[in-house]
>>> print(open('start_1.txt').read())   # compact mmCIF, N, CA and C atoms
# COMPACT_ATOMS: atom_id res chain seq x y z
N MET A 936 -5.47 5.89 7.27
CA MET A 936 -6.47 6.70 6.60
C MET A 936 -7.30 5.80 5.70
N HIS A 937 -8.58 6.09 5.64
CA HIS A 937 -9.50 5.35 4.79
C HIS A 937 -9.99 6.27 3.68
N VAL A 938 -9.80 5.85 2.44
CA VAL A 938 -10.18 6.63 1.27
C VAL A 938 -11.23 5.86 0.48
N LEU A 939 -12.31 6.56 0.10
CA LEU A 939 -13.31 6.00 -0.80
C LEU A 939 -13.05 6.58 -2.18
N ILE A 940 -12.80 5.70 -3.15
CA ILE A 940 -12.57 6.11 -4.54
C ILE A 940 -13.86 5.88 -5.32
N VAL A 941 -14.38 6.93 -5.93
CA VAL A 941 -15.59 6.83 -6.74
C VAL A 941 -15.22 7.20 -8.17
N ASP A 942 -15.09 6.18 -9.01
CA ASP A 942 -14.69 6.37 -10.41
C ASP A 942 -15.22 5.20 -11.22
N ASP A 943 -15.75 5.47 -12.39
CA ASP A 943 -16.30 4.39 -13.22
C ASP A 943 -15.22 3.64 -13.99
N GLU A 944 -14.00 4.15 -14.00
CA GLU A 944 -12.91 3.49 -14.71
C GLU A 944 -12.16 2.55 -13.75
N GLY A 945 -12.29 1.26 -14.00
CA GLY A 945 -11.65 0.26 -13.14
C GLY A 945 -10.15 0.40 -13.07
N ASN A 946 -9.51 0.79 -14.19
CA ASN A 946 -8.05 0.93 -14.17
C ASN A 946 -7.61 2.09 -13.27
N ILE A 947 -8.40 3.16 -13.22
CA ILE A 947 -8.07 4.29 -12.33
C ILE A 947 -8.22 3.83 -10.88
N ARG A 948 -9.31 3.13 -10.58
CA ARG A 948 -9.51 2.63 -9.21
C ARG A 948 -8.38 1.69 -8.80
N ARG A 949 -7.97 0.80 -9.70
CA ARG A 949 -6.88 -0.14 -9.38
C ARG A 949 -5.56 0.58 -9.14
N MET A 950 -5.26 1.58 -9.99
CA MET A 950 -4.01 2.35 -9.84
C MET A 950 -4.01 3.09 -8.51
N LEU A 951 -5.13 3.74 -8.20
CA LEU A 951 -5.21 4.49 -6.94
C LEU A 951 -5.15 3.55 -5.74
N ARG A 952 -5.83 2.41 -5.83
CA ARG A 952 -5.78 1.44 -4.74
C ARG A 952 -4.35 0.99 -4.48
N ALA A 953 -3.62 0.64 -5.54
CA ALA A 953 -2.23 0.19 -5.38
C ALA A 953 -1.38 1.28 -4.75
N LEU A 954 -1.53 2.51 -5.23
CA LEU A 954 -0.76 3.63 -4.70
C LEU A 954 -1.06 3.85 -3.21
N LEU A 955 -2.32 3.92 -2.88
CA LEU A 955 -2.71 4.24 -1.50
C LEU A 955 -2.42 3.09 -0.54
N GLU A 956 -2.66 1.87 -0.97
CA GLU A 956 -2.36 0.73 -0.10
C GLU A 956 -0.85 0.61 0.13
N SER A 957 -0.04 1.01 -0.85
CA SER A 957 1.42 0.98 -0.66
C SER A 957 1.84 1.99 0.42
N GLU A 958 0.99 2.98 0.68
CA GLU A 958 1.25 3.97 1.73
C GLU A 958 0.61 3.55 3.05
N GLY A 959 -0.03 2.38 3.06
CA GLY A 959 -0.64 1.87 4.30
C GLY A 959 -2.06 2.33 4.54
N TRP A 960 -2.71 2.90 3.53
CA TRP A 960 -4.06 3.39 3.69
C TRP A 960 -5.08 2.31 3.32
N THR A 961 -6.24 2.39 3.90
CA THR A 961 -7.35 1.51 3.58
C THR A 961 -8.13 2.13 2.43
N VAL A 962 -8.55 1.31 1.47
CA VAL A 962 -9.23 1.82 0.29
C VAL A 962 -10.53 1.06 0.07
N SER A 963 -11.59 1.81 -0.21
CA SER A 963 -12.86 1.26 -0.67
C SER A 963 -13.13 1.86 -2.04
N GLU A 964 -13.89 1.12 -2.86
CA GLU A 964 -14.14 1.57 -4.23
C GLU A 964 -15.62 1.56 -4.53
N ALA A 965 -16.02 2.48 -5.41
CA ALA A 965 -17.37 2.52 -5.95
C ALA A 965 -17.26 2.88 -7.43
N GLY A 966 -18.07 2.25 -8.26
CA GLY A 966 -18.02 2.50 -9.70
C GLY A 966 -18.98 3.56 -10.17
N SER A 967 -19.79 4.11 -9.25
CA SER A 967 -20.74 5.16 -9.61
C SER A 967 -20.98 6.04 -8.39
N ALA A 968 -21.53 7.22 -8.65
CA ALA A 968 -21.86 8.13 -7.55
C ALA A 968 -22.92 7.50 -6.65
N GLU A 969 -23.89 6.86 -7.27
CA GLU A 969 -24.95 6.23 -6.50
C GLU A 969 -24.40 5.16 -5.56
N GLU A 970 -23.47 4.34 -6.05
CA GLU A 970 -22.85 3.31 -5.23
C GLU A 970 -22.03 3.94 -4.10
N GLY A 971 -21.28 4.98 -4.41
CA GLY A 971 -20.49 5.67 -3.40
C GLY A 971 -21.36 6.27 -2.32
N LEU A 972 -22.46 6.90 -2.72
CA LEU A 972 -23.38 7.50 -1.75
C LEU A 972 -24.04 6.44 -0.88
N ALA A 973 -24.33 5.29 -1.46
CA ALA A 973 -24.94 4.21 -0.69
C ALA A 973 -23.98 3.67 0.36
N ASP A 974 -22.67 3.73 0.06
CA ASP A 974 -21.67 3.13 0.95
C ASP A 974 -21.01 4.11 1.92
N VAL A 975 -21.02 5.39 1.63
CA VAL A 975 -20.22 6.35 2.40
C VAL A 975 -20.60 6.37 3.88
N GLY A 976 -21.87 6.23 4.19
CA GLY A 976 -22.30 6.27 5.59
C GLY A 976 -21.80 5.10 6.40
N SER A 977 -21.75 3.93 5.80
CA SER A 977 -21.30 2.75 6.54
C SER A 977 -19.79 2.57 6.50
N LEU A 978 -19.13 3.14 5.50
CA LEU A 978 -17.68 2.97 5.38
C LEU A 978 -16.89 3.96 6.22
N HIS A 979 -17.46 5.15 6.45
CA HIS A 979 -16.80 6.20 7.24
C HIS A 979 -15.40 6.54 6.72
N PRO A 980 -15.27 6.87 5.42
CA PRO A 980 -13.94 7.25 4.92
C PRO A 980 -13.52 8.59 5.50
N GLU A 981 -12.23 8.82 5.50
CA GLU A 981 -11.71 10.11 5.95
C GLU A 981 -11.59 11.09 4.79
N VAL A 982 -11.53 10.55 3.56
CA VAL A 982 -11.47 11.37 2.34
C VAL A 982 -12.19 10.61 1.24
N VAL A 983 -12.86 11.36 0.34
CA VAL A 983 -13.48 10.77 -0.84
C VAL A 983 -12.79 11.34 -2.07
N LEU A 984 -12.37 10.45 -2.97
CA LEU A 984 -11.87 10.83 -4.30
C LEU A 984 -13.03 10.61 -5.26
N LEU A 985 -13.52 11.66 -5.88
CA LEU A 985 -14.75 11.60 -6.68
C LEU A 985 -14.48 12.07 -8.10
N ASP A 986 -14.76 11.19 -9.07
CA ASP A 986 -14.60 11.56 -10.48
C ASP A 986 -15.71 12.51 -10.90
N LEU A 987 -15.40 13.43 -11.77
CA LEU A 987 -16.38 14.39 -12.26
C LEU A 987 -17.36 13.75 -13.23
N MET A 988 -16.82 12.99 -14.19
CA MET A 988 -17.64 12.40 -15.25
C MET A 988 -17.99 10.96 -14.89
N LEU A 989 -19.20 10.77 -14.41
CA LEU A 989 -19.67 9.44 -14.04
C LEU A 989 -20.97 9.16 -14.78
N PRO A 990 -21.25 7.89 -15.08
CA PRO A 990 -22.54 7.58 -15.69
C PRO A 990 -23.66 7.80 -14.67
N GLY A 991 -24.81 8.20 -15.12
CA GLY A 991 -25.89 8.49 -14.18
C GLY A 991 -25.62 9.84 -13.53
N MET A 992 -25.57 9.86 -12.22
CA MET A 992 -25.29 11.08 -11.47
C MET A 992 -23.83 11.47 -11.64
N THR A 993 -23.58 12.72 -12.05
CA THR A 993 -22.20 13.18 -12.22
C THR A 993 -21.58 13.48 -10.85
N GLY A 994 -20.27 13.64 -10.86
CA GLY A 994 -19.58 14.00 -9.62
C GLY A 994 -20.04 15.33 -9.07
N LEU A 995 -20.29 16.31 -9.96
CA LEU A 995 -20.77 17.61 -9.49
C LEU A 995 -22.16 17.50 -8.87
N GLU A 996 -23.01 16.65 -9.43
CA GLU A 996 -24.34 16.44 -8.86
C GLU A 996 -24.24 15.72 -7.52
N ALA A 997 -23.28 14.82 -7.40
CA ALA A 997 -23.13 14.03 -6.18
C ALA A 997 -22.43 14.80 -5.06
N LEU A 998 -21.64 15.80 -5.40
CA LEU A 998 -20.84 16.51 -4.41
C LEU A 998 -21.65 17.01 -3.21
N PRO A 999 -22.76 17.72 -3.40
CA PRO A 999 -23.51 18.17 -2.23
C PRO A 999 -24.14 17.01 -1.44
N ARG A 1000 -24.43 15.93 -2.12
CA ARG A 1000 -25.00 14.76 -1.42
C ARG A 1000 -23.96 14.10 -0.53
N PHE A 1001 -22.70 14.06 -1.01
CA PHE A 1001 -21.63 13.54 -0.15
C PHE A 1001 -21.46 14.42 1.07
N ALA A 1002 -21.56 15.75 0.87
CA ALA A 1002 -21.45 16.67 2.01
C ALA A 1002 -22.56 16.43 3.02
N ASP A 1003 -23.76 16.12 2.54
CA ASP A 1003 -24.88 15.83 3.44
C ASP A 1003 -24.73 14.49 4.14
N ASP A 1004 -24.30 13.47 3.39
CA ASP A 1004 -24.22 12.10 3.92
C ASP A 1004 -22.97 11.85 4.75
N ALA A 1005 -21.93 12.63 4.51
CA ALA A 1005 -20.66 12.47 5.24
C ALA A 1005 -20.12 13.85 5.58
N PRO A 1006 -20.81 14.57 6.48
CA PRO A 1006 -20.37 15.94 6.80
C PRO A 1006 -18.94 15.97 7.32
N GLY A 1007 -18.20 16.94 6.85
CA GLY A 1007 -16.83 17.11 7.31
C GLY A 1007 -15.80 16.25 6.60
N VAL A 1008 -16.25 15.35 5.74
CA VAL A 1008 -15.31 14.49 5.00
C VAL A 1008 -14.91 15.23 3.73
N PRO A 1009 -13.62 15.53 3.56
CA PRO A 1009 -13.18 16.25 2.36
C PRO A 1009 -13.41 15.41 1.11
N VAL A 1010 -13.87 16.07 0.06
CA VAL A 1010 -14.08 15.42 -1.24
C VAL A 1010 -13.11 16.05 -2.22
N VAL A 1011 -12.27 15.21 -2.82
CA VAL A 1011 -11.32 15.64 -3.84
C VAL A 1011 -11.88 15.20 -5.19
N MET A 1012 -12.14 16.17 -6.05
CA MET A 1012 -12.68 15.87 -7.38
C MET A 1012 -11.52 15.57 -8.32
N MET A 1013 -11.79 14.71 -9.33
CA MET A 1013 -10.80 14.38 -10.34
C MET A 1013 -11.48 14.31 -11.70
N SER A 1014 -10.75 14.68 -12.74
CA SER A 1014 -11.29 14.56 -14.08
C SER A 1014 -10.20 14.73 -15.11
N GLY A 1015 -10.40 14.07 -16.23
CA GLY A 1015 -9.52 14.23 -17.37
C GLY A 1015 -10.15 15.09 -18.45
N GLN A 1016 -11.41 15.49 -18.23
CA GLN A 1016 -12.14 16.24 -19.24
C GLN A 1016 -12.71 17.55 -18.71
N ALA A 1017 -12.27 17.95 -17.56
CA ALA A 1017 -12.86 19.13 -16.92
C ALA A 1017 -12.36 20.42 -17.55
N THR A 1018 -13.22 21.40 -17.47
CA THR A 1018 -12.84 22.76 -17.86
C THR A 1018 -12.50 23.53 -16.60
N LEU A 1019 -11.93 24.69 -16.78
CA LEU A 1019 -11.64 25.54 -15.63
C LEU A 1019 -12.92 25.88 -14.88
N SER A 1020 -14.01 26.10 -15.61
CA SER A 1020 -15.27 26.42 -14.93
C SER A 1020 -15.77 25.24 -14.09
N ASP A 1021 -15.52 24.00 -14.55
CA ASP A 1021 -15.89 22.83 -13.75
C ASP A 1021 -15.11 22.81 -12.44
N ALA A 1022 -13.82 23.09 -12.53
CA ALA A 1022 -12.99 23.08 -11.33
C ALA A 1022 -13.41 24.18 -10.36
N VAL A 1023 -13.69 25.36 -10.89
CA VAL A 1023 -14.13 26.47 -10.05
C VAL A 1023 -15.48 26.14 -9.40
N ARG A 1024 -16.39 25.60 -10.19
CA ARG A 1024 -17.72 25.24 -9.65
C ARG A 1024 -17.59 24.19 -8.56
N ALA A 1025 -16.77 23.17 -8.79
CA ALA A 1025 -16.59 22.11 -7.78
C ALA A 1025 -16.04 22.68 -6.48
N THR A 1026 -15.07 23.57 -6.60
CA THR A 1026 -14.48 24.19 -5.41
C THR A 1026 -15.51 25.06 -4.70
N ARG A 1027 -16.28 25.81 -5.45
CA ARG A 1027 -17.33 26.65 -4.85
C ARG A 1027 -18.38 25.82 -4.14
N GLU A 1028 -18.63 24.62 -4.67
CA GLU A 1028 -19.66 23.77 -4.10
C GLU A 1028 -19.12 22.85 -3.00
N GLY A 1029 -17.86 23.09 -2.61
CA GLY A 1029 -17.36 22.39 -1.44
C GLY A 1029 -16.26 21.37 -1.65
N ALA A 1030 -15.82 21.16 -2.87
CA ALA A 1030 -14.72 20.23 -3.08
C ALA A 1030 -13.47 20.76 -2.41
N PHE A 1031 -12.71 19.87 -1.79
CA PHE A 1031 -11.47 20.28 -1.13
C PHE A 1031 -10.42 20.71 -2.16
N HIS A 1032 -10.36 19.95 -3.26
CA HIS A 1032 -9.33 20.20 -4.28
C HIS A 1032 -9.80 19.55 -5.57
N PHE A 1033 -9.15 19.88 -6.67
CA PHE A 1033 -9.49 19.32 -7.98
C PHE A 1033 -8.21 18.80 -8.62
N LEU A 1034 -8.17 17.51 -8.92
CA LEU A 1034 -7.00 16.89 -9.56
C LEU A 1034 -7.32 16.57 -11.02
N GLU A 1035 -6.37 16.86 -11.89
CA GLU A 1035 -6.54 16.55 -13.31
C GLU A 1035 -5.93 15.19 -13.63
N LYS A 1036 -6.64 14.42 -14.46
CA LYS A 1036 -6.12 13.17 -14.97
C LYS A 1036 -5.32 13.47 -16.22
N PRO A 1037 -4.27 12.75 -16.51
CA PRO A 1037 -3.77 11.62 -15.74
C PRO A 1037 -3.23 12.08 -14.39
N LEU A 1038 -3.53 11.27 -13.40
CA LEU A 1038 -3.16 11.61 -12.02
C LEU A 1038 -1.68 11.38 -11.77
N ALA A 1039 -1.04 12.36 -11.18
CA ALA A 1039 0.36 12.21 -10.77
C ALA A 1039 0.36 11.67 -9.35
N PRO A 1040 1.01 10.53 -9.12
CA PRO A 1040 0.98 9.92 -7.78
C PRO A 1040 1.37 10.89 -6.67
N GLU A 1041 2.39 11.72 -6.89
CA GLU A 1041 2.83 12.65 -5.85
C GLU A 1041 1.74 13.66 -5.53
N ALA A 1042 1.04 14.13 -6.56
CA ALA A 1042 -0.04 15.11 -6.36
C ALA A 1042 -1.20 14.48 -5.60
N VAL A 1043 -1.53 13.24 -5.92
CA VAL A 1043 -2.61 12.55 -5.21
C VAL A 1043 -2.26 12.42 -3.74
N LEU A 1044 -1.06 11.94 -3.45
CA LEU A 1044 -0.66 11.74 -2.06
C LEU A 1044 -0.61 13.06 -1.30
N ALA A 1045 -0.03 14.09 -1.92
CA ALA A 1045 0.05 15.40 -1.24
C ALA A 1045 -1.33 15.97 -0.98
N THR A 1046 -2.23 15.84 -1.93
CA THR A 1046 -3.59 16.36 -1.76
C THR A 1046 -4.33 15.61 -0.66
N LEU A 1047 -4.21 14.29 -0.64
CA LEU A 1047 -4.89 13.51 0.39
C LEU A 1047 -4.33 13.81 1.78
N ARG A 1048 -3.03 13.96 1.87
CA ARG A 1048 -2.43 14.31 3.17
C ARG A 1048 -2.93 15.68 3.64
N SER A 1049 -2.99 16.63 2.73
CA SER A 1049 -3.50 17.96 3.08
C SER A 1049 -4.96 17.89 3.52
N ALA A 1050 -5.76 17.13 2.79
CA ALA A 1050 -7.18 16.99 3.15
C ALA A 1050 -7.33 16.39 4.53
N LEU A 1051 -6.52 15.40 4.82
CA LEU A 1051 -6.58 14.76 6.14
C LEU A 1051 -6.16 15.74 7.24
N GLU A 1052 -5.11 16.51 7.00
CA GLU A 1052 -4.66 17.49 7.99
C GLU A 1052 -5.74 18.54 8.26
N VAL A 1053 -6.36 19.04 7.21
CA VAL A 1053 -7.41 20.05 7.38
C VAL A 1053 -8.60 19.45 8.12
N SER A 1054 -8.96 18.23 7.76
CA SER A 1054 -10.09 17.57 8.41
C SER A 1054 -9.81 17.35 9.90
N ARG A 1055 -8.62 16.90 10.22
CA ARG A 1055 -8.27 16.66 11.62
C ARG A 1055 -8.20 17.97 12.41
N ALA A 1056 -7.67 19.02 11.80
CA ALA A 1056 -7.61 20.32 12.47
C ALA A 1056 -9.03 20.85 12.73
N ARG A 1057 -9.92 20.65 11.77
CA ARG A 1057 -11.31 21.06 11.94
C ARG A 1057 -11.96 20.30 13.08
N ASP A 1058 -11.68 19.01 13.16
CA ASP A 1058 -12.23 18.18 14.25
C ASP A 1058 -11.73 18.66 15.60
N LEU A 1059 -10.45 19.03 15.68
CA LEU A 1059 -9.88 19.50 16.94
C LEU A 1059 -10.50 20.81 17.41
N THR A 1060 -10.83 21.68 16.46
CA THR A 1060 -11.43 22.96 16.85
C THR A 1060 -12.89 22.81 17.27
N ARG A 1061 -13.51 21.73 16.89
CA ARG A 1061 -14.91 21.48 17.27
C ARG A 1061 -15.03 20.91 18.67
N THR A 1062 -13.96 20.29 19.17
CA THR A 1062 -14.05 19.65 20.49
C THR A 1062 -13.70 20.59 21.60
>>> encode(input="start_1.txt", output="structure tokens")
Amino acid sequence: MHVLIVDDEGNIRRMLRALLESEGWTVSEAGSAEEGLADVGSLHPEVVLLDLMLPGMTGLEALPRFADDAPGVPVVMMSGQATLSDAVRATREGAFHFLEKPLAPEAVLATLRSALEVSRARDLTRT
């Protein structure tokens, strides 16, 4: 599985990279929504982990653009400062799931596995 992590915090990206690579997954990183959007088309990730609070374009602003640029790729939102209304809005606007920081490794892995299963099942029904 290939995961694109979009988070402005380098320590979060490093922690997630270590966790996911230990599971055998390929990881790409972006420090901003703009960088992630520029790379998503060429990287072809199977899942995007997108932080809510980013400098410049926020994760909520970027969410529909990821859906346009990478249709069918589940986007998992994450934040340590989100309100319930942020989580509800993200889900309504197409986020697969919303994870709260600090991230629990088991929750991250379970969410990504679920996103991958749903994405693959959707692909099978389209063919």
>>> residues_around(input="start_1.txt", residues="A:Leu995", least_positions_apart="6", cutoff="6.5 Å", atoms="all atoms listed in the file", output="list in words")
Asp986, Leu987, Met988 and Ala1025 of chain A
>>> atom_distance(input="start_1.txt", atom1="atom CA of A:Val975", atom2="atom CA of A:Val1043")
20.2 Å
>>> atom_distance(input="start_1.txt", atom1="atom N of A:Thr993", atom2="atom N of A:Glu956")
26.0 Å
>>> atom_distance(input="start_1.txt", atom1="atom CA of A:Thr1060", atom2="atom CA of A:Val982")
18.6 Å
>>> residues_around(input="start_1.txt", residues="A:Gly1007", least_positions_apart="3", cutoff="10 Å", atoms="only C-alpha atoms", output="JSON, numbers by chain")
{"A": [981, 982, 1001, 1002, 1003, 1004, 1010, 1053, 1054, 1055, 1057, 1058]}
>>> select_by_dssp(input="start_1.txt", residues="stretch 948-1018 of chain A", states="helix (DSSP H, G or I)", output="PyMOL selection string")
chain A and resi 948-957+968-978+994-1004
>>> select_by_dssp(input="start_1.txt", residues="stretch 984-1034 of chain A", states="strand (DSSP E or B)", output="ChimeraX atom specification")
/A:984-986,1010-1014,1032-1034
>>> write_last_selection(input="start_1.txt", atoms="N, CA and C atoms", output="JSON list (two decimals), in the frame of the given file")
[["chain", "number", "residue", "atom", "x", "y", "z"],
["A", 984, "LEU", "N", -12.37, 10.45, -2.97],
["A", 984, "LEU", "CA", -11.87, 10.83, -4.30],
["A", 984, "LEU", "C", -13.03, 10.61, -5.26],
["A", 985, "LEU", "N", -13.52, 11.66, -5.88],
["A", 985, "LEU", "CA", -14.75, 11.60, -6.68],
["A", 985, "LEU", "C", -14.48, 12.07, -8.10],
["A", 986, "ASP", "N", -14.76, 11.19, -9.07],
["A", 986, "ASP", "CA", -14.60, 11.56, -10.48],
["A", 986, "ASP", "C", -15.71, 12.51, -10.90],
["A", 1010, "VAL", "N", -13.87, 16.07, 0.06],
["A", 1010, "VAL", "CA", -14.08, 15.42, -1.24],
["A", 1010, "VAL", "C", -13.11, 16.05, -2.22],
["A", 1011, "VAL", "N", -12.27, 15.21, -2.82],
["A", 1011, "VAL", "CA", -11.32, 15.64, -3.84],
["A", 1011, "VAL", "C", -11.88, 15.20, -5.19],
["A", 1012, "MET", "N", -12.14, 16.17, -6.05],
["A", 1012, "MET", "CA", -12.68, 15.87, -7.38],
["A", 1012, "MET", "C", -11.52, 15.57, -8.32],
["A", 1013, "MET", "N", -11.79, 14.71, -9.33],
["A", 1013, "MET", "CA", -10.80, 14.38, -10.34],
["A", 1013, "MET", "C", -11.48, 14.31, -11.70],
["A", 1014, "SER", "N", -10.75, 14.68, -12.74],
["A", 1014, "SER", "CA", -11.29, 14.56, -14.08],
["A", 1014, "SER", "C", -10.20, 14.73, -15.11],
["A", 1032, "HIS", "N", -10.36, 19.95, -3.26],
["A", 1032, "HIS", "CA", -9.33, 20.20, -4.28],
["A", 1032, "HIS", "C", -9.80, 19.55, -5.57],
["A", 1033, "PHE", "N", -9.15, 19.88, -6.67],
["A", 1033, "PHE", "CA", -9.49, 19.32, -7.98],
["A", 1033, "PHE", "C", -8.21, 18.80, -8.62],
["A", 1034, "LEU", "N", -8.17, 17.51, -8.92],
["A", 1034, "LEU", "CA", -7.00, 16.89, -9.56],
["A", 1034, "LEU", "C", -7.32, 16.57, -11.02]]
>>> closest_residue(input="start_1.txt", among="A:Ala968, A:Arg1000, A:Thr1026, A:Trp960", to="A:Leu1051", atoms="only C-alpha atoms")
A:Trp960
>>> build_atoms(input="start_1.txt", residues="stretch 970-979 of chain A", atoms="all heavy atoms", output="PDB file, in the coordinates of the input")
ATOM      1  N   GLU A 970     -23.470   4.340  -6.050  1.00  0.00           N
ATOM      2  CA  GLU A 970     -22.850   3.310  -5.230  1.00  0.00           C
ATOM      3  C   GLU A 970     -22.030   3.940  -4.100  1.00  0.00           C
ATOM      4  O   GLU A 970     -22.088   3.499  -2.952  1.00  0.00           O
ATOM      5  CB  GLU A 970     -21.957   2.422  -6.105  1.00  0.00           C
ATOM      6  CG  GLU A 970     -21.334   1.255  -5.377  1.00  0.00           C
ATOM      7  CD  GLU A 970     -20.388   0.447  -6.266  1.00  0.00           C
ATOM      8  OE1 GLU A 970     -20.432   0.576  -7.504  1.00  0.00           O
ATOM      9  OE2 GLU A 970     -19.578  -0.305  -5.691  1.00  0.00           O
ATOM     10  N   GLY A 971     -21.280   4.980  -4.410  1.00  0.00           N
ATOM     11  CA  GLY A 971     -20.490   5.670  -3.400  1.00  0.00           C
ATOM     12  C   GLY A 971     -21.360   6.270  -2.320  1.00  0.00           C
ATOM     13  O   GLY A 971     -21.049   6.182  -1.126  1.00  0.00           O
ATOM     14  N   LEU A 972     -22.460   6.900  -2.720  1.00  0.00           N
ATOM     15  CA  LEU A 972     -23.380   7.500  -1.750  1.00  0.00           C
ATOM     16  C   LEU A 972     -24.040   6.440  -0.880  1.00  0.00           C
ATOM     17  O   LEU A 972     -24.267   6.664   0.306  1.00  0.00           O
ATOM     18  CB  LEU A 972     -24.431   8.353  -2.471  1.00  0.00           C
ATOM     19  CG  LEU A 972     -23.904   9.667  -3.039  1.00  0.00           C
ATOM     20  CD1 LEU A 972     -24.886  10.252  -4.053  1.00  0.00           C
ATOM     21  CD2 LEU A 972     -23.606  10.654  -1.919  1.00  0.00           C
ATOM     22  N   ALA A 973     -24.330   5.290  -1.460  1.00  0.00           N
ATOM     23  CA  ALA A 973     -24.940   4.210  -0.690  1.00  0.00           C
ATOM     24  C   ALA A 973     -23.980   3.670   0.360  1.00  0.00           C
ATOM     25  O   ALA A 973     -24.398   3.213   1.425  1.00  0.00           O
ATOM     26  CB  ALA A 973     -25.397   3.085  -1.625  1.00  0.00           C
ATOM     27  N   ASP A 974     -22.670   3.730   0.060  1.00  0.00           N
ATOM     28  CA  ASP A 974     -21.670   3.130   0.950  1.00  0.00           C
ATOM     29  C   ASP A 974     -21.010   4.110   1.920  1.00  0.00           C
ATOM     30  O   ASP A 974     -20.462   3.689   2.939  1.00  0.00           O
ATOM     31  CB  ASP A 974     -20.548   2.482   0.110  1.00  0.00           C
ATOM     32  CG  ASP A 974     -21.027   1.276  -0.671  1.00  0.00           C
ATOM     33  OD1 ASP A 974     -22.105   0.747  -0.351  1.00  0.00           O
ATOM     34  OD2 ASP A 974     -20.317   0.875  -1.611  1.00  0.00           O
ATOM     35  N   VAL A 975     -21.020   5.390   1.630  1.00  0.00           N
ATOM     36  CA  VAL A 975     -20.220   6.350   2.400  1.00  0.00           C
ATOM     37  C   VAL A 975     -20.600   6.370   3.880  1.00  0.00           C
ATOM     38  O   VAL A 975     -19.738   6.482   4.749  1.00  0.00           O
ATOM     39  CB  VAL A 975     -20.261   7.770   1.776  1.00  0.00           C
ATOM     40  CG1 VAL A 975     -21.609   8.442   1.983  1.00  0.00           C
ATOM     41  CG2 VAL A 975     -19.126   8.623   2.315  1.00  0.00           C
ATOM     42  N   GLY A 976     -21.870   6.230   4.190  1.00  0.00           N
ATOM     43  CA  GLY A 976     -22.300   6.270   5.590  1.00  0.00           C
ATOM     44  C   GLY A 976     -21.800   5.100   6.400  1.00  0.00           C
ATOM     45  O   GLY A 976     -21.428   5.260   7.569  1.00  0.00           O
ATOM     46  N   SER A 977     -21.750   3.930   5.800  1.00  0.00           N
ATOM     47  CA  SER A 977     -21.300   2.750   6.540  1.00  0.00           C
ATOM     48  C   SER A 977     -19.790   2.570   6.500  1.00  0.00           C
ATOM     49  O   SER A 977     -19.214   1.943   7.391  1.00  0.00           O
ATOM     50  CB  SER A 977     -21.976   1.482   5.970  1.00  0.00           C
ATOM     51  OG  SER A 977     -21.631   1.303   4.610  1.00  0.00           O
ATOM     52  N   LEU A 978     -19.130   3.140   5.500  1.00  0.00           N
ATOM     53  CA  LEU A 978     -17.680   2.970   5.380  1.00  0.00           C
ATOM     54  C   LEU A 978     -16.890   3.960   6.220  1.00  0.00           C
ATOM     55  O   LEU A 978     -15.768   3.690   6.616  1.00  0.00           O
ATOM     56  CB  LEU A 978     -17.243   3.118   3.910  1.00  0.00           C
ATOM     57  CG  LEU A 978     -17.715   2.033   2.959  1.00  0.00           C
ATOM     58  CD1 LEU A 978     -17.346   2.392   1.528  1.00  0.00           C
ATOM     59  CD2 LEU A 978     -17.133   0.684   3.346  1.00  0.00           C
ATOM     60  N   HIS A 979     -17.460   5.150   6.450  1.00  0.00           N
ATOM     61  CA  HIS A 979     -16.800   6.200   7.240  1.00  0.00           C
ATOM     62  C   HIS A 979     -15.400   6.540   6.720  1.00  0.00           C
ATOM     63  O   HIS A 979     -14.433   6.523   7.486  1.00  0.00           O
ATOM     64  CB  HIS A 979     -16.734   5.819   8.719  1.00  0.00           C
ATOM     65  CG  HIS A 979     -18.055   5.453   9.294  1.00  0.00           C
ATOM     66  ND1 HIS A 979     -19.062   6.373   9.485  1.00  0.00           N
ATOM     67  CD2 HIS A 979     -18.543   4.260   9.689  1.00  0.00           C
ATOM     68  CE1 HIS A 979     -20.119   5.752   9.990  1.00  0.00           C
ATOM     69  NE2 HIS A 979     -19.843   4.479  10.120  1.00  0.00           N
TER      70      HIS A 979
END
